[in-house]
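For reference, the structure discussed in these notes is given below.
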Amino acid sequence: AAWQAVTQNNGSTASTLGVHMSNVATVNGASAVPCTDVSLPGTCGAIFDVSNITPGYSSTTPVGTVQITNTGTEASTFQLSLKSAAVTGDASGYWTTADNTLCGDLVLTVTDSTGHNVWLGPLAKMPIENITDSNGNSVWNPGTTDIFSFSLSFSGSATTDEDSVCTAVFTWGQNGV
């Protein structure tokens, strides 16, 4: 009889790292609204909701904050960008298409937790901005976080912005390194 021996290597696997983030938006004075890129990323809370502004308005405190956290397993870089900014009329019914400059007349200041201005300029012209973690690192390790504060001022006039609403959509991007 011939003898036989057998060995077997079970469970060999290969896996990848993942890029994932959490986003917790807090409109000043309201409850925090958390979301993640995995669970309903399109339903993250609004960052600000400011009404009844007039020429010369300037927020003395942030109108909203967003805490971003690298919840993935891979070191990553992060960006903030304005996806869209659209002007519409308010519920008064007095708005006309000539009143279309509000998003460009709002000056947006986005500041990180170190006090560094991520963006300071017209809301409607915000480009893609690279953002750092709370330690000022451009590469965010898993578990790192930072809080971004949003403030607004109004440089417009009643003649072109009266009865207007600016609705802005911001996107937070993450790229593995």
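FYI, nothing fancy with the structure tokens labels: chains A, B, ... in order, residues from 1 per chain, ligands from 1 as they appear.
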Excluding same-chain residues fewer than 5 positions from A:Asn130, what lies within 8 Å of it counting only C-alpha atoms, as a list of chain:residue names? A:Thr77, A:Phe78, A:Gln79, A:Leu80, A:Val118, A:Ser138
Grab the residues selected above and save them as a PDB file, in the first residue's frame with N, CA and C atoms.
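The resulting part.pdb:
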ATOM      1  N   THR A  77      -6.378  62.363   2.423  1.00  0.00           N
ATOM      2  CA  THR A  77      -6.456  63.811   2.345  1.00  0.00           C
ATOM      3  C   THR A  77      -7.931  64.180   2.207  1.00  0.00           C
ATOM      4  N   PHE A  78      -8.271  65.382   2.644  1.00  0.00           N
ATOM      5  CA  PHE A  78      -9.662  65.831   2.619  1.00  0.00           C
ATOM      6  C   PHE A  78      -9.750  67.177   1.921  1.00  0.00           C
ATOM      7  N   GLN A  79     -10.911  67.411   1.293  1.00  0.00           N
ATOM      8  CA  GLN A  79     -11.184  68.669   0.628  1.00  0.00           C
ATOM      9  C   GLN A  79     -12.602  69.127   0.975  1.00  0.00           C
ATOM     10  N   LEU A  80     -12.778  70.428   0.904  1.00  0.00           N
ATOM     11  CA  LEU A  80     -14.099  71.042   1.042  1.00  0.00           C
ATOM     12  C   LEU A  80     -14.346  71.859  -0.216  1.00  0.00           C
ATOM     13  N   VAL A 118      -9.794  78.556   6.082  1.00  0.00           N
ATOM     14  CA  VAL A 118      -9.829  77.643   4.945  1.00  0.00           C
ATOM     15  C   VAL A 118     -10.313  78.402   3.715  1.00  0.00           C
ATOM     16  N   SER A 138      -1.812  67.664   6.631  1.00  0.00           N
ATOM     17  CA  SER A 138      -2.583  67.541   5.391  1.00  0.00           C
ATOM     18  C   SER A 138      -3.031  66.100   5.156  1.00  0.00           C
TER      19      SER A 138
END
What's around stretch 62-72 of chain A at 6 Å? Count only C-alpha atoms, leave out sequence neighbours fewer than 2 positions away in its own chain, and write the answer as a list of chain:residue names. A:Gly18, A:Val19, A:His20, A:Met21, A:Ser22, A:Asn23, A:Val24, A:Ala25, A:Thr26, A:Val27, A:Asn28, A:Ile47, A:Phe48, A:Glu74, A:Pro142, A:Gly143, A:Thr144, A:Thr145, A:Asp146, A:Ile147, A:Phe148, A:Ser149, A:Phe150, A:Ser151
Taking 3 positions as the minimum chain separation for residues in the same chain, which residues sit within 9 Å of A:Trp119 when counting only C-alpha atoms? Answer as a list in words.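 My reading of the contact set: Leu108, Thr109, Val110, Thr111, His116, Met126, Pro127 and Glu129 of chain A.
Backbone DSSP assigns helix (DSSP H, G or I) in stretch 42-116 of chain A to Gly42, Thr43, Leu102, Cys103, Gly104 and Asp105 of chain A.
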Return as a ChimeraX atom specification the full set of residues in chain A whose backbone-based DSSP assignment is strand (DSSP E or B). /A:21-27,32-36,58,64-70,76-89,106-111,117-122,129-131,140,145-154,164-176
